[in-house]
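J.: Got entry.pdb for you, PDB, C-alpha atoms:
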ATOM      1  CA  MET A   1       0.000   0.000   0.000
ATOM      2  CA  THR A   2       1.268   3.463  -0.828
ATOM      3  CA  PRO A   3       1.832   5.421   2.397
ATOM      4  CA  ASP A   4       0.386   8.900   2.723
ATOM      5  CA  PRO A   5       3.336  11.173   3.584
ATOM      6  CA  LYS A   6       0.891  13.888   4.717
ATOM      7  CA  ARG A   7      -0.416  11.879   7.656
ATOM      8  CA  PRO A   8       2.015  12.168  10.568
ATOM      9  CA  ASP A   9       3.355   8.813  11.650
ATOM     10  CA  PRO A  10       3.474   8.657  15.482
ATOM     11  CA  LYS A  11       6.353   6.163  15.278
ATOM     12  CA  ARG A  12       8.442   8.586  13.208
ATOM     13  CA  PRO A  13       9.423  12.055  14.551
ATOM     14  CA  ASP A  14       9.331  15.131  12.263
ATOM     15  CA  PRO A  15      12.542  14.691  10.282
ATOM     16  CA  VAL A  16      13.004  18.453   9.792
ATOM     17  CA  GLN A  17      14.699  20.315  12.658
ATOM     18  CA  PRO A  18      14.827  24.034  13.462
ATOM     19  CA  ALA A  19      18.028  25.711  12.227
ATOM     20  CA  ASN A  20      21.116  25.900  14.428
ATOM     21  CA  ALA A  21      24.353  27.925  14.017
ATOM     22  CA  GLU A  22      26.030  25.196  11.954
ATOM     23  CA  ALA A  23      23.044  25.016   9.605
ATOM     24  CA  LEU A  24      23.010  28.812   9.154
ATOM     25  CA  ALA A  25      26.741  28.831   8.343
ATOM     26  CA  LEU A  26      26.072  26.250   5.624
ATOM     27  CA  VAL A  27      23.152  28.355   4.314
ATOM     28  CA  HIS A  28      25.456  31.347   3.884
ATOM     29  CA  GLN A  29      28.034  29.241   2.049
ATOM     30  CA  LEU A  30      25.345  27.998  -0.346
ATOM     31  CA  LEU A  31      23.937  31.512  -0.917
ATOM     32  CA  ALA A  32      27.406  32.594  -2.130
ATOM     33  CA  LEU A  33      27.530  30.009  -4.946
ATOM     34  CA  GLY A  34      26.581  32.376  -7.791
ATOM     35  CA  HIS A  35      24.135  30.049  -9.549
ATOM     36  CA  ALA A  36      20.990  28.081  -8.814
ATOM     37  CA  ALA A  37      18.412  25.771 -10.341
ATOM     38  CA  LEU A  38      15.087  27.585 -10.750
ATOM     39  CA  ALA A  39      11.704  25.832 -10.878
ATOM     40  CA  TRP A  40       8.981  27.886 -12.572
ATOM     41  CA  GLN A  41       5.513  27.394 -13.933
ATOM     42  CA  ASP A  42       4.720  27.516 -17.644
ATOM     43  CA  PRO A  43       2.347  30.479 -17.989
ATOM     44  CA  GLU A  44       0.146  28.659 -20.506
ATOM     45  CA  THR A  45       0.095  24.992 -19.459
ATOM     46  CA  ARG A  46       0.958  25.583 -15.760
ATOM     47  CA  THR A  47       3.307  22.574 -15.973
ATOM     48  CA  PRO A  48       6.743  22.862 -14.313
ATOM     49  CA  GLY A  49       9.831  24.139 -16.094
ATOM     50  CA  ILE A  50      13.425  24.315 -14.874
ATOM     51  CA  SER A  51      16.431  26.504 -15.709
ATOM     52  CA  ARG A  52      19.914  27.278 -14.457
ATOM     53  CA  ILE A  53      20.153  30.897 -13.341
ATOM     54  CA  ALA A  54      22.824  33.351 -12.283
ATOM     55  CA  PHE A  55      22.171  34.145  -8.634
ATOM     56  CA  ALA A  56      23.359  36.507  -5.931
ATOM     57  CA  ARG A  57      22.394  37.528  -2.458
ATOM     58  CA  ASP A  58      22.724  41.286  -2.663
ATOM     59  CA  PRO A  59      23.499  42.763   0.780
ATOM     60  CA  GLN A  60      20.901  45.528   0.337
ATOM     61  CA  VAL A  61      18.232  44.121  -1.970
ATOM     62  CA  GLY A  62      18.304  40.406  -1.103
ATOM     63  CA  LEU A  63      18.087  37.419  -3.443
ATOM     64  CA  LEU A  64      18.486  38.330  -7.111
ATOM     65  CA  THR A  65      18.850  36.960 -10.594
ATOM     66  CA  LEU A  66      19.541  38.567 -13.984
ATOM     67  CA  VAL A  67      17.374  37.177 -16.791
ATOM     68  CA  SER A  68      17.528  37.389 -20.578
ATOM     69  CA  GLY A  69      14.286  37.988 -22.471
ATOM     70  CA  LEU A  70      15.174  34.909 -24.540
ATOM     71  CA  ALA A  71      15.124  32.591 -21.497
ATOM     72  CA  PRO A  72      11.897  30.606 -21.105
ATOM     73  CA  HIS A  73      11.626  31.606 -17.455
ATOM     74  CA  PHE A  74      11.550  35.332 -18.300
ATOM     75  CA  ARG A  75       7.881  35.306 -19.277
ATOM     76  CA  ALA A  76       7.096  32.568 -16.736
ATOM     77  CA  LEU A  77       8.335  34.689 -13.816
ATOM     78  CA  ARG A  78       6.589  37.780 -15.171
ATOM     79  CA  ASP A  79       3.205  36.042 -15.532
ATOM     80  CA  ARG A  80       3.388  33.575 -12.595
ATOM     81  CA  PRO A  81       5.834  34.901  -9.991
ATOM     82  CA  ASP A  82       5.780  31.877  -7.660
ATOM     83  CA  CYS A  83       9.006  29.929  -8.073
ATOM     84  CA  ALA A  84      11.509  27.752  -6.214
ATOM     85  CA  LEU A  85      15.303  27.735  -6.175
ATOM     86  CA  MET A  86      17.857  25.083  -5.301
ATOM     87  CA  LEU A  87      21.464  25.958  -4.428
ATOM     88  CA  GLY A  88      24.224  23.387  -3.980
ATOM     89  CA  ASN A  89      26.925  21.746  -6.069
ATOM     90  CA  VAL A  90      27.351  17.991  -6.181
ATOM     91  CA  GLY A  91      30.912  16.899  -5.459
ATOM     92  CA  ASP A  92      32.748  14.162  -7.315
ATOM     93  CA  LYS A  93      32.580  11.615  -4.506
ATOM     94  CA  GLY A  94      29.839   9.890  -2.548
ATOM     95  CA  ASP A  95      26.055   9.792  -2.829
ATOM     96  CA  PRO A  96      24.753  13.064  -4.400
ATOM     97  CA  LEU A  97      21.814  12.954  -1.966
ATOM     98  CA  THR A  98      24.203  13.419   0.978
ATOM     99  CA  HIS A  99      25.676  16.653  -0.460
ATOM    100  CA  PRO A 100      24.112  19.802   1.037
ATOM    101  CA  ARG A 101      21.533  21.848  -0.822
ATOM    102  CA  LEU A 102      19.189  24.696   0.036
ATOM    103  CA  MET A 103      15.657  24.831  -1.367
ATOM    104  CA  ILE A 104      13.909  28.217  -1.305
ATOM    105  CA  ARG A 105      10.321  29.002  -2.248
ATOM    106  CA  ALA A 106      10.069  32.566  -3.514
ATOM    107  CA  ARG A 107       8.069  35.163  -5.394
ATOM    108  CA  ALA A 108       9.687  36.959  -8.310
ATOM    109  CA  SER A 109       9.370  40.694  -8.977
ATOM    110  CA  PHE A 110      11.082  42.470 -11.866
ATOM    111  CA  VAL A 111      13.316  45.437 -11.061
ATOM    112  CA  ALA A 112      12.217  48.311 -13.312
ATOM    113  CA  PRO A 113      14.948  50.048 -15.351
ATOM    114  CA  ASP A 114      14.287  53.266 -13.389
ATOM    115  CA  ASP A 115      14.090  51.601  -9.938
ATOM    116  CA  PRO A 116      16.226  53.734  -7.587
ATOM    117  CA  ALA A 117      17.825  50.527  -6.211
ATOM    118  CA  ARG A 118      18.993  49.398  -9.664
ATOM    119  CA  PRO A 119      22.266  51.372 -10.044
ATOM    120  CA  GLY A 120      23.572  50.049  -6.728
ATOM    121  CA  LEU A 121      22.615  46.427  -7.252
ATOM    122  CA  ARG A 122      23.904  46.595 -10.840
ATOM    123  CA  ASP A 123      27.317  47.806  -9.616
ATOM    124  CA  ARG A 124      27.502  45.123  -6.923
ATOM    125  CA  TRP A 125      26.466  42.457  -9.465
ATOM    126  CA  LEU A 126      29.314  43.571 -11.767
ATOM    127  CA  GLN A 127      31.807  43.432  -8.922
ATOM    128  CA  ARG A 128      30.953  39.749  -8.501
ATOM    129  CA  ASN A 129      30.508  39.029 -12.248
ATOM    130  CA  PRO A 130      32.722  41.392 -14.292
ATOM    131  CA  LYS A 131      31.951  39.458 -17.506
ATOM    132  CA  ALA A 132      28.273  40.426 -17.219
ATOM    133  CA  GLN A 133      29.358  43.885 -18.451
ATOM    134  CA  VAL A 134      28.721  42.810 -22.067
ATOM    135  CA  TYR A 135      24.987  42.122 -21.546
ATOM    136  CA  ILE A 136      23.898  43.687 -18.239
ATOM    137  CA  ASP A 137      22.500  46.843 -19.872
ATOM    138  CA  LEU A 138      20.882  45.240 -22.944
ATOM    139  CA  PRO A 139      17.215  46.249 -23.132
ATOM    140  CA  ASP A 140      15.882  42.670 -22.957
ATOM    141  CA  PHE A 141      17.784  41.780 -19.768
ATOM    142  CA  ALA A 142      16.192  42.406 -16.389
ATOM    143  CA  PHE A 143      17.075  41.969 -12.745
ATOM    144  CA  VAL A 144      14.509  39.966 -10.818
ATOM    145  CA  ARG A 145      14.146  40.032  -7.035
ATOM    146  CA  LEU A 146      13.359  36.654  -5.469
ATOM    147  CA  THR A 147      11.554  37.281  -2.180
ATOM    148  CA  PRO A 148      11.711  34.099  -0.095
ATOM    149  CA  THR A 149       8.579  32.700   1.581
ATOM    150  CA  SER A 150      10.133  29.545   3.104
ATOM    151  CA  ALA A 151      13.310  27.500   2.900
ATOM    152  CA  LEU A 152      14.652  24.071   3.701
ATOM    153  CA  LEU A 153      18.298  23.072   4.117
ATOM    154  CA  ASN A 154      19.102  19.464   3.395
ATOM    155  CA  GLY A 155      22.562  18.616   4.659
ATOM    156  CA  GLY A 156      22.285  14.897   3.904
ATOM    157  CA  PHE A 157      20.229  11.985   5.246
ATOM    158  CA  ALA A 158      18.487  12.908   8.532
ATOM    159  CA  ARG A 159      20.027  16.411   8.470
ATOM    160  CA  ALA A 160      17.159  18.642   7.289
ATOM    161  CA  PHE A 161      16.461  22.088   8.751
ATOM    162  CA  HIS A 162      13.716  24.696   8.374
ATOM    163  CA  ILE A 163      15.290  28.056   7.477
ATOM    164  CA  ALA A 164      13.335  31.248   8.138
ATOM    165  CA  PRO A 165      13.132  33.734   5.217
ATOM    166  CA  GLU A 166      14.770  36.401   7.402
ATOM    167  CA  ASP A 167      17.842  34.140   7.767
ATOM    168  CA  LEU A 168      18.501  34.215   4.012
TER
ATOM    169  CA  MET B   1       9.683  48.609 -22.430
ATOM    170  CA  THR B   2       9.635  44.945 -21.513
ATOM    171  CA  PRO B   3      10.106  42.871 -24.682
ATOM    172  CA  ASP B   4       7.752  39.971 -25.359
ATOM    173  CA  PRO B   5       9.962  36.880 -25.809
ATOM    174  CA  LYS B   6       7.004  35.046 -27.413
ATOM    175  CA  ARG B   7       6.867  37.313 -30.446
ATOM    176  CA  PRO B   8       9.541  36.225 -32.937
ATOM    177  CA  ASP B   9      11.993  38.971 -33.717
ATOM    178  CA  PRO B  10      12.807  38.996 -37.462
ATOM    179  CA  LYS B  11      16.230  40.468 -36.724
ATOM    180  CA  ARG B  12      17.104  37.582 -34.429
ATOM    181  CA  PRO B  13      17.163  33.956 -35.679
ATOM    182  CA  ASP B  14      15.744  31.105 -33.519
ATOM    183  CA  PRO B  15      18.572  30.563 -31.049
ATOM    184  CA  VAL B  16      17.765  26.863 -30.590
ATOM    185  CA  GLN B  17      19.220  24.482 -33.178
ATOM    186  CA  PRO B  18      18.324  20.893 -34.040
ATOM    187  CA  ALA B  19      20.600  18.328 -32.360
ATOM    188  CA  ASN B  20      23.803  17.121 -34.031
ATOM    189  CA  ALA B  21      26.125  14.209 -33.143
ATOM    190  CA  GLU B  22      28.220  16.317 -30.774
ATOM    191  CA  ALA B  23      25.083  17.497 -28.925
ATOM    192  CA  LEU B  24      23.797  13.923 -28.594
ATOM    193  CA  ALA B  25      27.149  12.748 -27.175
ATOM    194  CA  LEU B  26      26.884  15.491 -24.540
ATOM    195  CA  VAL B  27      23.287  14.429 -23.788
ATOM    196  CA  HIS B  28      24.444  10.878 -23.064
ATOM    197  CA  GLN B  29      27.201  12.126 -20.768
ATOM    198  CA  LEU B  30      24.687  14.214 -18.812
ATOM    199  CA  LEU B  31      22.187  11.329 -18.570
ATOM    200  CA  ALA B  32      24.891   9.243 -16.847
ATOM    201  CA  LEU B  33      25.367  11.748 -13.979
ATOM    202  CA  GLY B  34      23.285   9.867 -11.400
ATOM    203  CA  HIS B  35      21.416  12.881 -10.003
ATOM    204  CA  ALA B  36      19.197  15.710 -11.185
ATOM    205  CA  ALA B  37      17.256  18.751 -10.038
ATOM    206  CA  LEU B  38      13.518  18.073 -10.217
ATOM    207  CA  ALA B  39      10.867  20.798 -10.601
ATOM    208  CA  TRP B  40       7.410  19.743  -9.435
ATOM    209  CA  GLN B  41       4.079  21.320  -8.633
ATOM    210  CA  ASP B  42       2.705  21.550  -5.106
ATOM    211  CA  PRO B  43      -0.494  19.491  -5.217
ATOM    212  CA  GLU B  44      -2.399  21.980  -3.050
ATOM    213  CA  THR B  45      -1.139  25.439  -3.986
ATOM    214  CA  ARG B  46       0.090  24.516  -7.506
ATOM    215  CA  THR B  47       3.195  26.649  -6.842
ATOM    216  CA  PRO B  48       6.592  25.257  -7.940
ATOM    217  CA  GLY B  49       8.793  23.113  -5.726
ATOM    218  CA  ILE B  50      12.303  21.801  -6.349
ATOM    219  CA  SER B  51      14.302  18.797  -5.079
ATOM    220  CA  ARG B  52      17.520  16.948  -5.765
ATOM    221  CA  ILE B  53      16.794  13.415  -6.928
ATOM    222  CA  ALA B  54      18.706  10.229  -7.605
ATOM    223  CA  PHE B  55      18.448   9.581 -11.333
ATOM    224  CA  ALA B  56      19.273   6.898 -13.859
ATOM    225  CA  ARG B  57      18.614   6.145 -17.475
ATOM    226  CA  ASP B  58      17.712   2.464 -17.313
ATOM    227  CA  PRO B  59      18.538   0.736 -20.629
ATOM    228  CA  GLN B  60      15.168  -1.057 -20.687
ATOM    229  CA  VAL B  61      12.740   1.155 -18.803
ATOM    230  CA  GLY B  62      14.106   4.634 -19.548
ATOM    231  CA  LEU B  63      14.455   7.606 -17.202
ATOM    232  CA  LEU B  64      13.941   6.711 -13.539
ATOM    233  CA  THR B  65      14.140   7.994 -10.019
ATOM    234  CA  LEU B  66      13.739   6.340  -6.602
ATOM    235  CA  VAL B  67      11.681   8.409  -4.153
ATOM    236  CA  SER B  68      11.129   8.258  -0.397
ATOM    237  CA  GLY B  69       7.607   8.742   0.928
ATOM    238  CA  LEU B  70       9.058  11.447   3.186
ATOM    239  CA  ALA B  71      10.225  13.577   0.245
ATOM    240  CA  PRO B  72       7.896  16.466  -0.603
ATOM    241  CA  HIS B  73       7.928  15.506  -4.276
ATOM    242  CA  PHE B  74       6.550  12.017  -3.551
ATOM    243  CA  ARG B  75       2.979  13.213  -3.179
ATOM    244  CA  ALA B  76       3.495  15.986  -5.744
ATOM    245  CA  LEU B  77       4.467  13.513  -8.480
ATOM    246  CA  ARG B  78       1.644  11.168  -7.514
ATOM    247  CA  ASP B  79      -1.030  13.888  -7.663
ATOM    248  CA  ARG B  80       0.392  16.100 -10.468
ATOM    249  CA  PRO B  81       2.696  14.004 -12.666
ATOM    250  CA  ASP B  82       3.970  16.819 -14.900
ATOM    251  CA  CYS B  83       7.528  17.688 -13.915
ATOM    252  CA  ALA B  84      10.853  18.914 -15.285
ATOM    253  CA  LEU B  85      14.429  17.740 -14.706
ATOM    254  CA  MET B  86      17.772  19.443 -15.073
ATOM    255  CA  LEU B  87      21.024  17.459 -15.381
ATOM    256  CA  GLY B  88      24.485  19.030 -15.308
ATOM    257  CA  ASN B  89      27.181  19.815 -12.760
ATOM    258  CA  VAL B  90      28.725  23.247 -12.479
ATOM    259  CA  GLY B  91      32.514  23.144 -12.565
ATOM    260  CA  ASP B  92      34.783  25.241 -10.370
ATOM    261  CA  LYS B  93      35.862  27.614 -13.118
ATOM    262  CA  GLY B  94      34.161  30.057 -15.445
ATOM    263  CA  ASP B  95      30.608  31.342 -15.779
ATOM    264  CA  PRO B  96      28.109  28.694 -14.527
ATOM    265  CA  LEU B  97      25.795  29.637 -17.413
ATOM    266  CA  THR B  98      28.369  28.375 -19.928
ATOM    267  CA  HIS B  99      28.511  24.887 -18.346
ATOM    268  CA  PRO B 100      26.307  22.343 -20.163
ATOM    269  CA  ARG B 101      22.937  21.255 -18.799
ATOM    270  CA  LEU B 102      20.015  19.255 -20.105
ATOM    271  CA  MET B 103      16.430  20.267 -19.312
ATOM    272  CA  ILE B 104      13.760  17.586 -19.742
ATOM    273  CA  ARG B 105      10.009  17.982 -19.410
ATOM    274  CA  ALA B 106       8.448  14.710 -18.324
ATOM    275  CA  ARG B 107       5.456  12.932 -16.853
ATOM    276  CA  ALA B 108       5.939  10.781 -13.768
ATOM    277  CA  SER B 109       4.356   7.364 -13.244
ATOM    278  CA  PHE B 110       4.950   5.225 -10.163
ATOM    279  CA  VAL B 111       6.255   1.685 -10.678
ATOM    280  CA  ALA B 112       3.951  -0.659  -8.726
ATOM    281  CA  PRO B 113       5.641  -3.099  -6.300
ATOM    282  CA  ASP B 114       4.335  -6.000  -8.443
ATOM    283  CA  ASP B 115       5.239  -4.442 -11.821
ATOM    284  CA  PRO B 116       6.957  -7.196 -13.857
ATOM    285  CA  ALA B 117       9.689  -4.695 -14.866
ATOM    286  CA  ARG B 118      10.566  -3.887 -11.226
ATOM    287  CA  PRO B 119      12.946  -6.778 -10.376
ATOM    288  CA  GLY B 120      15.116  -6.022 -13.416
ATOM    289  CA  LEU B 121      15.263  -2.268 -12.951
ATOM    290  CA  ARG B 122      15.834  -2.734  -9.203
ATOM    291  CA  ASP B 123      18.854  -4.961  -9.877
ATOM    292  CA  ARG B 124      20.301  -2.570 -12.443
ATOM    293  CA  TRP B 125      19.755   0.374 -10.030
ATOM    294  CA  LEU B 126      21.687  -1.511  -7.326
ATOM    295  CA  GLN B 127      24.535  -2.225  -9.723
ATOM    296  CA  ARG B 128      24.953   1.537 -10.169
ATOM    297  CA  ASN B 129      24.158   2.450  -6.525
ATOM    298  CA  PRO B 130      25.153  -0.432  -4.220
ATOM    299  CA  LYS B 131      24.512   1.715  -1.128
ATOM    300  CA  ALA B 132      20.802   1.930  -2.040
ATOM    301  CA  GLN B 133      20.545  -1.673  -0.738
ATOM    302  CA  VAL B 134      19.696  -0.342   2.738
ATOM    303  CA  TYR B 135      16.503   1.454   1.640
ATOM    304  CA  ILE B 136      15.534   0.233  -1.831
ATOM    305  CA  ASP B 137      12.966  -2.292  -0.538
ATOM    306  CA  LEU B 138      11.457  -0.180   2.277
ATOM    307  CA  PRO B 139       7.677   0.005   1.843
ATOM    308  CA  ASP B 140       7.567   3.819   1.553
ATOM    309  CA  PHE B 141      10.141   3.982  -1.261
ATOM    310  CA  ALA B 142       9.001   3.809  -4.873
ATOM    311  CA  PHE B 143      10.559   3.848  -8.315
ATOM    312  CA  VAL B 144       9.092   6.498 -10.578
ATOM    313  CA  ARG B 145       9.359   6.447 -14.372
ATOM    314  CA  LEU B 146       9.929   9.869 -15.952
ATOM    315  CA  THR B 147       8.579   9.741 -19.501
ATOM    316  CA  PRO B 148      10.055  12.663 -21.461
ATOM    317  CA  THR B 149       7.850  14.920 -23.574
ATOM    318  CA  SER B 150      10.527  17.388 -24.742
ATOM    319  CA  ALA B 151      14.104  18.338 -23.971
ATOM    320  CA  LEU B 152      16.556  21.165 -24.466
ATOM    321  CA  LEU B 153      20.350  20.963 -24.241
ATOM    322  CA  ASN B 154      22.113  24.169 -23.312
ATOM    323  CA  GLY B 155      25.831  23.862 -23.975
ATOM    324  CA  GLY B 156      26.609  27.508 -23.190
ATOM    325  CA  PHE B 157      25.801  30.876 -24.768
ATOM    326  CA  ALA B 158      24.403  30.455 -28.314
ATOM    327  CA  ARG B 159      24.737  26.665 -28.073
ATOM    328  CA  ALA B 160      21.179  25.446 -27.436
ATOM    329  CA  PHE B 161      19.701  22.352 -29.077
ATOM    330  CA  HIS B 162      16.261  20.740 -29.225
ATOM    331  CA  ILE B 163      16.546  17.086 -28.175
ATOM    332  CA  ALA B 164      13.838  14.633 -29.232
ATOM    333  CA  PRO B 165      12.370  12.417 -26.442
ATOM    334  CA  GLU B 166      13.451   9.310 -28.397
ATOM    335  CA  ASP B 167      17.076  10.495 -28.198
ATOM    336  CA  LEU B 168      17.054  10.341 -24.382
TER
END
Please express the file's structure as structure tokens.
T.:
Amino acid sequence: MTPDPKRPDPKRPDPVQPANAEALALVHQLLALGHAALAWQDPETRTPGISRIAFARDPQVGLLTLVSGLAPHFRALRDRPDCALMLGNVGDKGDPLTHPRLMIRARASFVAPDDPARPGLRDRWLQRNPKAQVYIDLPDFAFVRLTPTSALLNGGFARAFHIAPEDL
Amino acid sequence: MTPDPKRPDPKRPDPVQPANAEALALVHQLLALGHAALAWQDPETRTPGISRIAFARDPQVGLLTLVSGLAPHFRALRDRPDCALMLGNVGDKGDPLTHPRLMIRARASFVAPDDPARPGLRDRWLQRNPKAQVYIDLPDFAFVRLTPTSALLNGGFARAFHIAPEDL
């Protein structure tokens, strides 16, 4: 019989713990990676899509990506802003499911070209990614803020932690 | 003004090319990675979720994952089988957006415990992942077939290819 993972099992404790200092240190390492996998919703069919994105945690504006108008998730994020991100590289050795990763549920909002925060976040983005200079100001590229609603750190089997949005 | 990426721009050719032999060789390398990022749809809110999954291309059954009943995508895939996968590691050097990745849209279907294909695919899974022995037969774990509907290989800037489901 297929178990129902929604029904709490009294024999099995909640496998997700509240965050501790070690978990938060790992979160900050993962947020510095520079790229993420983004799950989005197709605006027409509502079926899931996935893309690799450039990513940064801007110290003033928060979680950010820079998107080309040619990317399929450009229109998806504009029309259906709910999305989810995963951060974490898989190393060469061992079971990939034991390597840490951070999953973040978020809402996307486009940064307007005349947003007063744009010049500052643009300059900080270029400090981290100097090669973005060649496309950062093209008219079909846009910065997108990713405002987190919840997050989960998975540090390997039996090492899962709830992360509060304000800790990102 | 925000451009509409849906409207074809006559000055800009379709950036996605049909697959060639080099692209297909890269596809087969990526399919052998053993893990993927999975985009799924929350069965209640319909908002996107994302998880890291164990992955294999079984020579007889096709694309597969093995899912724990505790994973949030277990119930998601059961209730809303449309999903999307991304395969591809990010190396230590260079722009992460130039490192190859394969995006696959798929439909999930659970392999029943008494499915006649299960013993064979279970044995082949264990050959690739001997450590899965400890959980592969637990009653809340299930194999899930991921039947592809379309795929896109991104080998870096201006190197995108349509991949036919039969080439996966």
J.: Calculated over only C-alpha atoms, which of the candidates A:Gln17, A:Thr149, A:Asn154, A:Gln41 has the smallest distance to chain B?
T.: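 Looking only at the distances to chain B, the closest residue turns out to be A:Gln41.
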J.: Which is closer to B:Ala36 than all the others in B:Ser68, B:Asp167, B:Leu85, B:Leu24, using all atoms listed in the file?
T.: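 Closest to B:Ala36 of all the choices is B:Leu85.
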J.: Tell me which of A:Gln60, A:Gln29, A:Ser109, A:Asn89 sits closest to chain B, counting only C-alpha atoms.
T.: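 Ranking A:Gln60, A:Gln29, A:Ser109, A:Asn89 by distance to chain B, first place goes to A:Asn89.
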J.: Expand the PyMOL selection byres ((chain A and resi 47) around 12) into the individual residues it matches in the shown file, reporting them as a PyMOL selection string.
T.: (chain A and resi 39-46+48-50+76+80) or (chain B and resi 39-43+46-49+77+80-84+105-107+149)
J.: Go through the shown structure with the PyMOL selection byres ((chain B and resi 162) around 6) and write out the matching residues as a list in words.
T.: Pro18, Ala19, Leu152, Phe161 and Ile163 of chain B
J.: So that I can see what lies close to B:Arg124, please list as an MDAnalysis selection string the residues with an atom at most 10 Å from it, counting only C-alpha atoms and leaving out residues fewer than 5 positions away in the same chain.
T.: chainID B and resid 56 58:60 118:119 129:130
J.: Rounded to one decimal, what separation in Å do you get between atom CA of A:Val144 and atom CA of A:Lys131?
T.: 18.7 Å
J.: Could you check how far atom CA of A:Ala32 sits from atom CA of A:Leu146, in Å to one decimal?
T.: 15.0 Å
J.: Take atom CA of B:Pro116 and atom CA of B:Arg75 and report the distance between them in Å, one decimal.
T.: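 Going from atom CA of B:Pro116 over to atom CA of B:Arg75, I get 23.4 Å.
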J.: Would you tabulate, counting all atoms listed in the file, all residues of stretch 59-110 of chain A that have an atom at most 9 Å from an atom of stretch 136-142 of chain A, showing the closest pair of atoms and their distance in Å to one decimal, sorted by chain then ascending number, as JSON lines?
T.:
{"residue": "A:Thr65", "atom": "CA", "partner": "A:Ala142", "partner_atom": "CA", "distance": 8.4}
{"residue": "A:Leu66", "atom": "CA", "partner": "A:Ala142", "partner_atom": "CA", "distance": 5.6}
{"residue": "A:Val67", "atom": "CA", "partner": "A:Ala142", "partner_atom": "CA", "distance": 5.4}
{"residue": "A:Ser68", "atom": "CA", "partner": "A:Phe141", "partner_atom": "CA", "distance": 4.5}
{"residue": "A:Gly69", "atom": "CA", "partner": "A:Asp140", "partner_atom": "CA", "distance": 5.0}
{"residue": "A:Leu70", "atom": "CA", "partner": "A:Asp140", "partner_atom": "CA", "distance": 8.0}
{"residue": "A:Phe74", "atom": "CA", "partner": "A:Ala142", "partner_atom": "CA", "distance": 8.7}
{"residue": "A:Phe110", "atom": "CA", "partner": "A:Ala142", "partner_atom": "CA", "distance": 6.8}
J.: Can you list, as a list in words, every protein, DNA or RNA residue that comes within 7 Å of A:Leu87 when you count all atoms listed in the file, leaving out same-chain residues fewer than 3 positions away?
T.: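 My list of contacting residues is Leu30, Ala36, Ala37, Arg101, Leu102 and Met103 of chain A.
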J.: Mind writing the picked residues with C-alpha atoms as a PDB file, keeping the file's coordinate frame?
T.:
ATOM      1  CA  LEU A  30      25.345  27.998  -0.346  1.00  0.00           C
ATOM      2  CA  ALA A  36      20.990  28.081  -8.814  1.00  0.00           C
ATOM      3  CA  ALA A  37      18.412  25.771 -10.341  1.00  0.00           C
ATOM      4  CA  ARG A 101      21.533  21.848  -0.822  1.00  0.00           C
ATOM      5  CA  LEU A 102      19.189  24.696   0.036  1.00  0.00           C
ATOM      6  CA  MET A 103      15.657  24.831  -1.367  1.00  0.00           C
TER       7      MET A 103
END
J.: Tell me which of A:Met86, A:Ala160, A:Ala21, A:Leu64 sits closest to chain B, counting only C-alpha atoms.
T.: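 Going through A:Met86, A:Ala160, A:Ala21, A:Leu64 one by one, the smallest distance to chain B is for A:Met86.
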J.: Counting all atoms listed in the file, note down every residue that has an atom within 8 Å of the point (19.2, 28.3, -13.4) (file coordinates), as a PyMOL selection string.
T.: (chain A and resi 35-38+50-54) or (chain B and resi 97)
